[in-house]
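Colleague: One structure, as structure tokens, below. Some questions next.
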Amino acid sequence: MSLLELEYAALMPYRFVKMVKEHENNVHIPSRYQTRIPQLRSTPGPIEDHQLHVPDKMALIPGGRFLLTTNGARQLHLWDLGYSVQKSIYPFPLATLTVQTLEAVALTLDKKELLVAVSAYKRAPTLEVCLQIYRVDPRSEAPIFRWVAELAEFSFSRVHLTANAAVLCFEKHISVWNWSENTGCKWQAFKRPPHSIGLSVYACDGAVITYDDMGQTLRVWDVPRLLSLGSSPKLSDMTTIAKTPFSAQIPSNMASDIILSGTPVWQQVASSDRYLCAMVDDESQLDETEVGLALFSIRQLQSNGQTGKDDPFIPSVLPVLGAVSKHIFGHDHPNVSNWGIIFFIYL
């Protein structure tokens, strides 16, 4: 990267903020100097329609350079979308892996590699679907997906990935699997299977926060001490324990169909604050009295110098309501523009 390119990249946040301010002040904004639509292809050869890569699921890594996708051919691809004045975007994947679908992405503890959770067929002798964890260094000369661990008997589930564990919502249970220590456990968290109710989940700091439309309540579940698993761990082998959640109320006039979006795993470092945003799934269904968005700060609780997790009567974290809004995307909002709310949410 040249000095000019480095300066251009370093000033990107400044240019974005300036663009937002100019938009709100109704200052004319010049068109972008260039738009690139990369023609990504799974395999080399002449450009034909059947060779163009059409993803059905994707994850853009923060920074915008690397992209993970899966397609109808059950292949996981790692792409380099890096900008360079000297050459076009490389149209072929850096690495490929045969999977069922992409489930979640996180960083390793040293933050040098990507962790990728996928559902795939278990390696021989059986062909049952399992959850597999891979790691890959996208900046290496020849990136390769390296197998880390797998959990058998995996089925429909929401997966939340951290640097050493996965949180799964399956049937009526929440399961936590620490693949680095080969430990795990599960507990009943729902009266009905998650796919039959409006369910959203957020995991951080040794706790799992859930919401379902039955009670319109945020529930905080402290992750308990995990128990050892066998050499070939299965979801059904996890011990079921009894747990009672702590509760935090959402605004009483908020709609029941809510999505949780919190501080992403990329930003969950020890010194950063945590935030949780509860948004209605369909803003068009709100009436004039209902809240469409509620913003919480997630506080780590302490008691007598100890963390809340050491006291059975105090949760380790607690969502604290900070602000509410009747609008999400600035519709009919006198003080918030579309650009402003987008800037607010993604900072």
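Order determines the names: the first chain of the structure tokens is A, the second B, and so forth; residues in each chain are numbered 1 upward, and ligands are numbered 1 upward as they are shown.
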I'd like the neighbourhood of His77 (chain A) as a list in words, where a residue qualifies if any of its atoms comes within 8 Å (using only C-alpha atoms), though same-chain residues fewer than 4 positions away should be ignored.

Modeller: Leu68, Thr69, Thr70, Pro93, Leu94, Ala95, Thr96 and Leu97 of chain A

Colleague: Applying 10 Å and only C-alpha atoms, which residues near Ile241 (chain A) remain after dropping the ones on its own chain fewer than 5 positions away? List them as a list in words.

Modeller: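 Close residues of Ile241 (chain A): Cys185, Lys186, Trp187, Gln188 and Pro224 of chain A.
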
Colleague: Considering only C-alpha atoms, can you say which of A:Tyr8, A:Phe145, A:Tyr134, A:Phe154 comes closest to Trp179 (chain A)?

Modeller: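 Counting only C-alpha atoms, the residue closest to Trp179 (chain A) is A:Tyr134.
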
Colleague: Quick one: residues within 8 Å of region 71-75 of chain A, only C-alpha atoms counted, chain neighbours fewer than 6 positions away excluded, as a list in words?

Modeller: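 The filter keeps His53, Val54, Pro55, Asp56, Lys57, Thr96, Leu97, Thr98, Val99, Gln100 and Thr101 of chain A.
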
Colleague: Could you check how far CA of Pro319 (chain A) sits from CA of Met238 (chain A), in Å to one decimal?

Modeller: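 For CA of Pro319 (chain A) relative to CA of Met238 (chain A), the distance reads 28.6 Å.
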
Colleague: Considering only C-alpha atoms, can you say which of A:Ser236, A:Ser119, A:Ser200, A:Thr244 comes closest to Leu260 (chain A)?

Modeller: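 Ranking A:Ser236, A:Ser119, A:Ser200, A:Thr244 by distance to Leu260 (chain A), first place goes to A:Ser200.
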
Colleague: Run DSSP on the backbone and grab whatever in region 81-145 of chain A lands in strand (DSSP E); send it over as a list of chain:residue names.

Modeller: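 Those in region 81-145 of chain A that DSSP calls strand (DSSP E) are A:Ala95, A:Thr96, A:Leu97, A:Thr98, A:Thr101, A:Leu102, A:Glu103, A:Ala104, A:Val105, A:Ala106, A:Leu107, A:Leu114, A:Leu115, A:Val116, A:Ala117, A:Val118, A:Ser119, A:Ala120, A:Tyr121, A:Val129, A:Cys130, A:Leu131, A:Gln132, A:Ile133, A:Tyr134, A:Arg135, A:Val136.
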
Colleague: Which is closer to Asn182 (chain A) than all the others in A:Glu128, A:Asp257, A:Asp237, A:Asp137, using only C-alpha atoms?

Modeller: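 Closest to Asn182 (chain A), using only C-alpha atoms: A:Asp237.
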